[in-house]
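Data block below; observations after.
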Amino acid sequence: MSLNQFCSIFAPNFMRASTHRHILTVALLALTLFFLPLLNPVSAATPASSKKAAFTLVLDAGHGGKDPGALGTGRVKEKNINLAVTLAVGKLVEQNLKDVKVVYTRKTDVLVELDERANIANKAKADLFVSIHTNALPGKKKMAGSETYTLGMHRAADNLDVAKRENSVISLEKDYENRYEGFDPNSSESYIIFEFMQDQNMEKSVRMATLVQKQFRSAGRPDKGVHQAGFLVLRATSMPSCLIELGYITTASEEAYLTSDRGVNQLAQSIYQAIKKYKETQK
Ligand SMILES: [Zn+2]
């Protein structure tokens, strides 16, 4: 018997049996796939990683690396206070606001250029940018309290001083004259450009800054108010943003508070509460 003859005699039955088995297998597989999600709730849920965050928050710890920021009365550096509070805020958000994605411009002691900080936020298509800094005063002037800034056109000498100090880091960055289009952080004329800027995010930024100050006030911090100034790091961001000055590193009692666990936790808790309330008003 040739192979062809063998096949024509036996194969039809064999084929029929095989087809039945195949249909049965497919049916069983389909049933299993249909009921599996019901039996196993974990597989029914969308994996967390593929779920789009409802809200992206960028936390920006000011200064870092070779830029210490302002210096305290002792050896305390602004960059370390900023980072400690920023990480504490991030932890609170990550633990309690599950639909918020937190992006940090830095999580360690490294220098990140001002325009790169804004780039990180723009690339992440962030909903909110919060920059965290610590204030300083020249000479033996003493001051206590927290204040929050938004990008704006104030030309008050006090605000210009804060903006100059926070912007001066760019002179440590490579090729800053070209990167910031000739911006000189120490020249008052450079800040005139801010007067012409129409910031469409102004209203939301002020709302966030106001919420931050309200929370600081409830926590017993002296309220130094909401202000506007020409911060480069805020200028390049394309979403609502604010810059918080936690306290005055050059005042001994403030320096002690800003470096204590109690201070870091209290400040972080206030900022976290403000973020939470801000997010709720965006729905
Ligand atoms: Zn600073």
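Letters for chains follow the order of the structure tokens (A, B, ...), residue numbers begin at 1 for each chain, and ligand numbers begin at 1 in the order shown.
Within 9 Å of Asn80 of chain A, once only C-alpha atoms are used and residues closer than 6 positions along the same chain are dropped, the contacting residues are Ala61, His63, Gly64, Pro68, Asp109 and Thr259 of chain A.
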Helix (DSSP H, G or I) positions in segment 57-237 of chain A, given as a PyMOL selection string: chain A and resi 78-96+114-123+157-172+176-179+188-195+202-218+232-235
Take the residues from that selection and write them out as an mmCIF file, in the first residue's frame, keeping C-alpha atoms.
data_model
loop_
_atom_site.group_PDB
_atom_site.id
_atom_site.type_symbol
_atom_site.label_atom_id
_atom_site.label_comp_id
_atom_site.auth_asym_id
_atom_site.auth_seq_id
_atom_site.Cartn_x
_atom_site.Cartn_y
_atom_site.Cartn_z
ATOM 1 C CA GLU A 78 20.782 75.092 51.663
ATOM 2 C CA LYS A 79 21.048 72.233 49.128
ATOM 3 C CA ASN A 80 20.790 69.602 51.912
ATOM 4 C CA ILE A 81 17.715 71.159 53.559
ATOM 5 C CA ASN A 82 16.001 71.453 50.167
ATOM 6 C CA LEU A 83 16.694 67.806 49.350
ATOM 7 C CA ALA A 84 15.561 66.482 52.751
ATOM 8 C CA VAL A 85 12.232 68.322 52.544
ATOM 9 C CA THR A 86 11.735 67.434 48.854
ATOM 10 C CA LEU A 87 12.269 63.712 49.485
ATOM 11 C CA ALA A 88 9.915 63.846 52.477
ATOM 12 C CA VAL A 89 7.207 65.547 50.375
ATOM 13 C CA GLY A 90 7.685 62.966 47.610
ATOM 14 C CA LYS A 91 7.362 60.101 50.071
ATOM 15 C CA LEU A 92 4.096 61.480 51.481
ATOM 16 C CA VAL A 93 2.658 61.917 47.981
ATOM 17 C CA GLU A 94 3.758 58.453 46.836
ATOM 18 C CA GLN A 95 2.300 56.829 49.953
ATOM 19 C CA ASN A 96 -1.010 58.660 50.003
ATOM 20 C CA LEU A 114 18.177 75.383 35.834
ATOM 21 C CA ASP A 115 17.049 74.874 32.244
ATOM 22 C CA GLU A 116 17.437 71.093 32.616
ATOM 23 C CA ARG A 117 15.132 71.161 35.649
ATOM 24 C CA ALA A 118 12.491 72.858 33.525
ATOM 25 C CA ASN A 119 13.166 70.409 30.661
ATOM 26 C CA ILE A 120 12.512 67.461 32.962
ATOM 27 C CA ALA A 121 9.138 68.954 33.914
ATOM 28 C CA ASN A 122 8.195 69.830 30.324
ATOM 29 C CA LYS A 123 9.164 66.379 29.038
ATOM 30 C CA ALA A 157 14.126 95.259 45.533
ATOM 31 C CA ASP A 158 13.579 92.461 48.083
ATOM 32 C CA ASN A 159 12.180 90.070 45.500
ATOM 33 C CA LEU A 160 14.884 90.971 43.027
ATOM 34 C CA ASP A 161 17.465 90.004 45.644
ATOM 35 C CA VAL A 162 15.865 86.578 46.134
ATOM 36 C CA ALA A 163 15.607 86.031 42.380
ATOM 37 C CA LYS A 164 19.223 87.099 41.846
ATOM 38 C CA ARG A 165 20.438 84.712 44.521
ATOM 39 C CA GLU A 166 18.434 81.763 43.200
ATOM 40 C CA ASN A 167 19.382 82.484 39.588
ATOM 41 C CA SER A 168 23.088 83.074 40.227
ATOM 42 C CA VAL A 169 23.718 79.318 39.986
ATOM 43 C CA ILE A 170 23.743 79.633 36.204
ATOM 44 C CA SER A 171 27.183 81.274 36.372
ATOM 45 C CA LEU A 172 28.447 77.829 37.497
ATOM 46 C CA TYR A 176 25.329 79.925 30.305
ATOM 47 C CA GLU A 177 25.505 83.148 28.244
ATOM 48 C CA ASN A 178 24.273 81.255 25.186
ATOM 49 C CA ARG A 179 21.936 78.869 26.945
ATOM 50 C CA SER A 188 18.399 94.415 36.933
ATOM 51 C CA GLU A 189 17.861 95.066 33.217
ATOM 52 C CA SER A 190 17.767 91.315 32.554
ATOM 53 C CA TYR A 191 14.643 91.083 34.669
ATOM 54 C CA ILE A 192 12.690 93.609 32.618
ATOM 55 C CA ILE A 193 11.878 90.779 30.186
ATOM 56 C CA PHE A 194 9.733 89.215 32.895
ATOM 57 C CA GLU A 195 7.461 92.253 32.767
ATOM 58 C CA MET A 202 -0.305 82.494 36.542
ATOM 59 C CA GLU A 203 -3.719 82.009 38.107
ATOM 60 C CA LYS A 204 -3.157 78.327 38.932
ATOM 61 C CA SER A 205 0.367 79.041 40.147
ATOM 62 C CA VAL A 206 -0.902 81.712 42.536
ATOM 63 C CA ARG A 207 -3.628 79.350 43.736
ATOM 64 C CA MET A 208 -1.010 76.703 44.554
ATOM 65 C CA ALA A 209 1.266 79.262 46.258
ATOM 66 C CA THR A 210 -1.678 80.495 48.335
ATOM 67 C CA LEU A 211 -2.510 76.926 49.414
ATOM 68 C CA VAL A 212 1.109 76.336 50.455
ATOM 69 C CA GLN A 213 1.136 79.476 52.596
ATOM 70 C CA LYS A 214 -2.216 78.566 54.154
ATOM 71 C CA GLN A 215 -0.828 75.182 55.194
ATOM 72 C CA PHE A 216 2.348 76.732 56.600
ATOM 73 C CA ARG A 217 0.180 79.128 58.609
ATOM 74 C CA SER A 218 -1.931 76.281 60.031
ATOM 75 C CA LEU A 232 14.688 81.369 35.719
ATOM 76 C CA VAL A 233 13.709 77.862 36.770
ATOM 77 C CA LEU A 234 10.031 78.843 36.709
ATOM 78 C CA ARG A 235 10.320 80.870 33.496
#
With only C-alpha atoms and all ligand atoms counted, collect every polymer residue having an atom within 6 Å of ligand 1; state the result as a PyMOL selection string. chain A and resi 62+69+133-134+166
Go ahead and write the selection's residues with C-alpha atoms as an mmCIF file, in the first residue's frame.
data_model
loop_
_atom_site.group_PDB
_atom_site.id
_atom_site.type_symbol
_atom_site.label_atom_id
_atom_site.label_comp_id
_atom_site.auth_asym_id
_atom_site.auth_seq_id
_atom_site.Cartn_x
_atom_site.Cartn_y
_atom_site.Cartn_z
ATOM 1 C CA GLY A 62 17.044 73.581 44.670
ATOM 2 C CA GLY A 69 22.944 77.387 47.697
ATOM 3 C CA HIS A 133 14.520 76.394 48.403
ATOM 4 C CA THR A 134 15.712 78.031 51.600
ATOM 5 C CA GLU A 166 18.434 81.763 43.200
#
At most 10 Å is the cut-off: for each residue in segment 104-160 of chain A with any atom that close to an atom of segment 265-279 of chain A, write down the nearest atom pair and the distance in Å rounded to one decimal, counting only C-alpha atoms, chain first then increasing number, as CSV.
residue,atom,partner,partner_atom,distance
A:Asp127,CA,A:Lys279,CA,9.1
A:Leu128,CA,A:Ile275,CA,8.7
A:Val130,CA,A:Ile275,CA,9.1
A:Ile132,CA,A:Ile271,CA,9.7
A:Ser146,CA,A:Leu267,CA,9.2
Can you spit out the residues from that selection as a PDB file, in the first residue's frame, using C-alpha atoms?
ATOM      1  CA  ASP A 127       0.640  69.171  35.886  1.00  0.00           C
ATOM      2  CA  LEU A 128       2.506  71.000  38.625  1.00  0.00           C
ATOM      3  CA  VAL A 130       7.190  72.736  42.858  1.00  0.00           C
ATOM      4  CA  ILE A 132      11.935  73.934  47.064  1.00  0.00           C
ATOM      5  CA  SER A 146       8.121  80.663  54.959  1.00  0.00           C
TER       6      SER A 146
END
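The space separating atom CA of Gly230 of chain A from atom CA of Tyr149 of chain A comes to 9.2 Å.
Residue nearest Asp99 of chain A, chosen from A:Ser131, A:Thr56, A:Asn201, A:Thr281 and counting only C-alpha atoms: A:Thr56.
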Please, which residues of segment 37-229 of chain A, numbered as in this document, come out strand (DSSP E) from DSSP, as a PyMOL selection string? chain A and resi 55-61+100-104+128-135+146-151+223-229
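Residues surrounding segment 245-257 of chain A within 7 Å are Leu71, Gly72, Thr73, Ile132, His133, Thr134, Asn135, Ala136, Leu137, Lys142, Met143, Ala144, Gly145, Ser146, Glu147, Thr148, Leu243, Thr259, Ser260 and Gly263 of chain A [only C-alpha atoms; sequence separation below 2 positions excluded].
Taking only C-alpha atoms into account, Lys174 of chain A lies nearest to A:Val112 out of the set A:Val76, A:Val112, A:Val264, A:Ala53.
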In Å to one decimal, how far is atom CA of Cys242 of chain A from atom CA of Gly225 of chain A? 12.7 Å
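In this structure, atom CA of Asp261 of chain A sits 22.1 Å away from atom CA of Lys224 of chain A.
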